[in-house]
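Novice: The file below is work-v2.cif, mmCIF, C-alpha atoms, pLDDT in the B column; chains and numbers go by the auth columns:
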data_target
#
loop_
_atom_site.group_PDB
_atom_site.id
_atom_site.type_symbol
_atom_site.label_atom_id
_atom_site.label_comp_id
_atom_site.label_asym_id
_atom_site.label_seq_id
_atom_site.Cartn_x
_atom_site.Cartn_y
_atom_site.Cartn_z
_atom_site.B_iso_or_equiv
_atom_site.auth_seq_id
_atom_site.auth_asym_id
ATOM 1 C CA MET A 1 0.000 0.000 0.000 58.00 1 Q
ATOM 2 C CA ARG A 2 1.497 3.326 -1.053 72.00 2 Q
ATOM 3 C CA ILE A 3 0.295 6.451 0.760 80.00 3 Q
ATOM 4 C CA GLN A 4 0.566 9.890 -0.808 87.00 4 Q
ATOM 5 C CA ARG A 5 2.052 12.070 1.920 93.00 5 Q
ATOM 6 C CA ASN A 6 1.703 15.455 0.247 94.00 6 Q
ATOM 7 C CA GLN A 7 1.126 17.529 3.382 97.00 7 Q
ATOM 8 C CA THR A 8 3.618 18.892 5.904 97.00 8 Q
ATOM 9 C CA ALA A 9 3.300 18.683 9.673 98.00 9 Q
ATOM 10 C CA VAL A 10 5.496 19.830 12.526 97.00 10 Q
ATOM 11 C CA TYR A 11 6.359 17.138 15.093 97.00 11 Q
ATOM 12 C CA TRP A 12 7.571 17.600 18.662 96.00 12 Q
ATOM 13 C CA ALA A 13 8.867 14.404 20.288 95.00 13 Q
ATOM 14 C CA PRO A 14 8.311 14.163 24.046 93.00 14 Q
ATOM 15 C CA ALA A 15 11.598 14.652 25.892 89.00 15 Q
ATOM 16 C CA ALA A 16 11.057 14.328 29.657 81.00 16 Q
ATOM 17 C CA ALA A 17 8.670 14.997 32.503 77.00 17 Q
ATOM 18 C CA ASP A 18 9.004 18.601 33.702 77.00 18 Q
ATOM 19 C CA GLY A 19 8.568 17.795 37.425 78.00 19 Q
ATOM 20 C CA PHE A 20 5.235 19.628 37.611 81.00 20 Q
ATOM 21 C CA GLY A 21 2.977 17.015 36.035 77.00 21 Q
ATOM 22 C CA GLY A 22 3.738 18.167 32.506 78.00 22 Q
ATOM 23 C CA ARG A 23 6.275 17.267 29.847 84.00 23 Q
ATOM 24 C CA THR A 24 9.037 18.952 27.911 88.00 24 Q
ATOM 25 C CA TYR A 25 9.486 18.515 24.179 91.00 25 Q
ATOM 26 C CA GLY A 26 12.428 18.317 21.826 89.00 26 Q
ATOM 27 C CA THR A 27 13.214 20.561 18.895 92.00 27 Q
ATOM 28 C CA PRO A 28 10.385 20.463 16.337 95.00 28 Q
ATOM 29 C CA SER A 29 10.928 19.014 12.882 96.00 29 Q
ATOM 30 C CA GLU A 30 8.913 19.009 9.681 97.00 30 Q
ATOM 31 C CA ILE A 31 7.666 15.656 8.415 98.00 31 Q
ATOM 32 C CA ALA A 32 5.654 14.522 5.403 97.00 32 Q
ATOM 33 C CA VAL A 33 2.164 13.262 6.265 97.00 33 Q
ATOM 34 C CA ARG A 34 -1.290 12.466 5.021 97.00 34 Q
ATOM 35 C CA TRP A 35 -3.622 14.114 7.557 97.00 35 Q
ATOM 36 C CA GLU A 36 -7.298 13.118 7.646 96.00 36 Q
ATOM 37 C CA ASN A 37 -9.631 15.033 9.972 96.00 37 Q
ATOM 38 C CA ARG A 38 -11.947 12.161 10.781 95.00 38 Q
ATOM 39 C CA GLN A 39 -13.075 10.137 13.726 96.00 39 Q
ATOM 40 C CA GLU A 40 -11.914 6.584 14.105 96.00 40 Q
ATOM 41 C CA VAL A 41 -12.061 4.244 17.080 96.00 41 Q
ATOM 42 C CA TYR A 42 -8.649 3.249 18.452 94.00 42 Q
ATOM 43 C CA ILE A 43 -7.232 1.672 21.630 91.00 43 Q
ATOM 44 C CA ASP A 44 -5.470 4.150 23.930 88.00 44 Q
ATOM 45 C CA LYS A 45 -2.461 3.499 26.189 84.00 45 Q
ATOM 46 C CA GLU A 46 -4.784 2.399 29.024 88.00 46 Q
ATOM 47 C CA ALA A 47 -6.271 -0.262 26.673 91.00 47 Q
ATOM 48 C CA ARG A 48 -9.597 1.589 26.405 93.00 48 Q
ATOM 49 C CA GLU A 49 -11.532 2.384 23.262 95.00 49 Q
ATOM 50 C CA ALA A 50 -11.409 6.051 22.301 95.00 50 Q
ATOM 51 C CA ARG A 51 -12.403 8.141 19.281 96.00 51 Q
ATOM 52 C CA SER A 52 -9.865 10.175 17.330 96.00 52 Q
ATOM 53 C CA LEU A 53 -10.131 13.745 16.076 95.00 53 Q
ATOM 54 C CA ALA A 54 -7.773 12.961 13.198 97.00 54 Q
ATOM 55 C CA VAL A 55 -5.826 10.077 11.671 97.00 55 Q
ATOM 56 C CA VAL A 56 -2.336 10.812 10.352 98.00 56 Q
ATOM 57 C CA TYR A 57 -0.062 8.689 8.172 96.00 57 Q
ATOM 58 C CA PRO A 58 3.492 9.987 8.803 97.00 58 Q
ATOM 59 C CA ASP A 59 6.627 9.140 6.864 94.00 59 Q
ATOM 60 C CA ARG A 60 8.363 7.815 10.002 95.00 60 Q
ATOM 61 C CA ALA A 61 7.716 6.259 13.391 95.00 61 Q
ATOM 62 C CA LEU A 62 6.291 8.685 15.969 97.00 62 Q
ATOM 63 C CA VAL A 63 5.562 8.137 19.660 95.00 63 Q
ATOM 64 C CA THR A 64 2.543 8.652 21.894 94.00 64 Q
ATOM 65 C CA GLU A 65 2.451 11.955 23.772 93.00 65 Q
ATOM 66 C CA GLY A 66 4.310 13.611 20.894 96.00 66 Q
ATOM 67 C CA LEU A 67 2.661 16.665 19.362 97.00 67 Q
ATOM 68 C CA LEU A 68 1.624 17.343 15.761 98.00 68 Q
ATOM 69 C CA TYR A 69 0.632 20.521 13.981 97.00 69 Q
ATOM 70 C CA LEU A 70 -0.595 20.555 10.383 97.00 70 Q
ATOM 71 C CA GLY A 71 1.600 23.221 8.809 96.00 71 Q
ATOM 72 C CA THR A 72 5.245 24.201 8.460 96.00 72 Q
ATOM 73 C CA LEU A 73 7.821 25.656 10.820 94.00 73 Q
ATOM 74 C CA LEU A 74 7.679 28.878 8.771 93.00 74 Q
ATOM 75 C CA SER A 75 3.931 29.160 9.394 92.00 75 Q
ATOM 76 C CA LEU A 76 4.490 29.377 13.165 90.00 76 Q
ATOM 77 C CA ASN A 77 4.731 32.721 14.927 86.00 77 Q
ATOM 78 C CA SER A 78 7.985 33.670 16.604 82.00 78 Q
ATOM 79 C CA GLY A 79 8.513 31.628 19.777 80.00 79 Q
ATOM 80 C CA GLU A 80 5.687 29.170 19.161 81.00 80 Q
ATOM 81 C CA GLU A 81 8.100 26.327 18.331 81.00 81 Q
ATOM 82 C CA ALA A 82 9.458 26.614 21.900 83.00 82 Q
ATOM 83 C CA ASP A 83 5.938 26.574 23.431 86.00 83 Q
ATOM 84 C CA PRO A 84 3.869 24.251 21.239 91.00 84 Q
ATOM 85 C CA PHE A 85 0.777 24.489 23.457 89.00 85 Q
ATOM 86 C CA SER A 86 0.414 28.136 22.419 90.00 86 Q
ATOM 87 C CA ILE A 87 -0.270 27.001 18.831 93.00 87 Q
ATOM 88 C CA ASP A 88 -3.882 26.863 17.709 93.00 88 Q
ATOM 89 C CA GLY A 89 -4.478 23.409 16.209 93.00 89 Q
ATOM 90 C CA ILE A 90 -1.707 21.510 18.034 96.00 90 Q
ATOM 91 C CA GLN A 91 -2.746 17.938 18.832 97.00 91 Q
ATOM 92 C CA GLU A 92 -1.288 15.188 20.991 96.00 92 Q
ATOM 93 C CA ILE A 93 -0.603 11.735 19.591 97.00 93 Q
ATOM 94 C CA LYS A 94 -2.844 9.330 21.490 96.00 94 Q
ATOM 95 C CA SER A 95 -1.957 6.021 19.837 95.00 95 Q
ATOM 96 C CA VAL A 96 0.522 4.726 17.251 95.00 96 Q
ATOM 97 C CA GLN A 97 0.713 1.730 14.957 93.00 97 Q
ATOM 98 C CA SER A 98 3.377 0.472 12.585 90.00 98 Q
ATOM 99 C CA SER A 99 3.501 -2.543 10.354 87.00 99 Q
ATOM 100 C CA PRO A 100 5.886 -3.668 7.642 80.00 100 Q
ATOM 101 C CA ALA A 101 4.904 -3.395 4.020 72.00 101 Q
ATOM 102 C CA VAL A 102 4.091 -6.635 2.246 72.00 102 Q
ATOM 103 C CA LYS A 103 7.469 -6.700 0.520 69.00 103 Q
ATOM 104 C CA GLY A 104 9.212 -5.484 3.671 64.00 104 Q
ATOM 105 C CA ALA A 105 10.925 -2.567 1.938 69.00 105 Q
ATOM 106 C CA GLU A 106 9.201 0.121 3.972 75.00 106 Q
ATOM 107 C CA ALA A 107 7.012 0.336 7.036 82.00 107 Q
ATOM 108 C CA PHE A 108 3.479 1.696 7.258 88.00 108 Q
ATOM 109 C CA TYR A 109 2.872 4.181 10.107 93.00 109 Q
ATOM 110 C CA LYS A 110 -0.420 5.448 11.464 95.00 110 Q
ATOM 111 C CA VAL A 111 -1.176 7.690 14.452 97.00 111 Q
ATOM 112 C CA TRP A 112 -4.412 8.802 16.078 97.00 112 Q
ATOM 113 C CA LEU A 113 -4.877 12.276 17.491 97.00 113 Q
#
Using structure tokens, write down the structure from this file.
Specialist:
Amino acid sequence: MRIQRNQTAVYWAPAAADGFGGRTYGTPSEIAVRWENRQEVYIDKEAREARSLAVVYPDRALVTEGLLYLGTLLSLNSGEEADPFSIDGIQEIKSVQSSPAVKGAEAFYKVWL
């Protein structure tokens, strides 16, 4: 299955707990994605059924609790990359899935927001 990833998203990987019940994030990077704003049932990290706000097919493996924004680094206002929660439209990755392609040449990645 070949996915057309013709959109750009900004990804922040979770770095560490901040000591106050929150989390810090690494330097953001742009990735190629196919972003579908649609609901889909998935299993969350507590093994419960949940409903997504969006389903994203990234070009690489991502991790839960990472953050995604549909857009580019250039589209962010000054300082927003350092404080991703100030960005309108930022979403947390709730669940991830990866599976090898049939021929094994590339993997298929899917995340739920």
Novice: Taking the file as shown, find all residues satisfying the PyMOL selection byres ((chain Q and resi 23) around 12) and write them as a VMD selection string.
Specialist: chain Q and resid 12 to 22 24 to 26 65 to 67 83 to 85 92
Novice: Give me, as a list in words, all polymer residues having an atom no more than 9 Å from stretch 46-59 of chain Q, counting all atoms listed in the file and skipping those fewer than 2 positions away in the same chain.
Specialist: Ile3, Arg5, Ala9, Ile31, Ala32, Val33, Arg34, Trp35, Glu36, Asn37, Arg38, Gln39, Glu40, Val41, Tyr42, Ile43, Asp44, Ala61, Leu62, Gln91, Lys94, Ala107, Phe108, Tyr109, Lys110, Val111, Trp112 and Leu113 of chain Q
Novice: If the PyMOL selection byres ((chain Q and resi 70-78) around 9) were run on this exact file, what residues would it hold? Put them as a list in words.
Specialist: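 So the PyMOL selection byres ((chain Q and resi 70-78) around 9) ends up selecting Gln7, Thr8, Ala9, Val10, Pro28, Ser29, Glu30, Ile31, Val33, Trp35, Leu68, Tyr69, Gly79, Glu80, Glu81, Ala82, Ile87, Gly89 and Ile90 of chain Q.
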Novice: Between atom CA of Q:Val102 and atom CA of Q:Thr64, what is the spacing in Å?
Specialist: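 According to the coordinates, atom CA of Q:Thr64 and atom CA of Q:Val102 are separated by 24.9 Å.
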Novice: Adding 8 Å on each side of the box along x, y and z that holds all listed atoms of stretch 10-15 of chain Q, could you give its centre and edge lengths in Å to one decimal, as JSON?
Specialist:
{"center_x": 8.5, "center_y": 17.0, "center_z": 19.2, "size_x": 22.1, "size_y": 21.7, "size_z": 29.4}
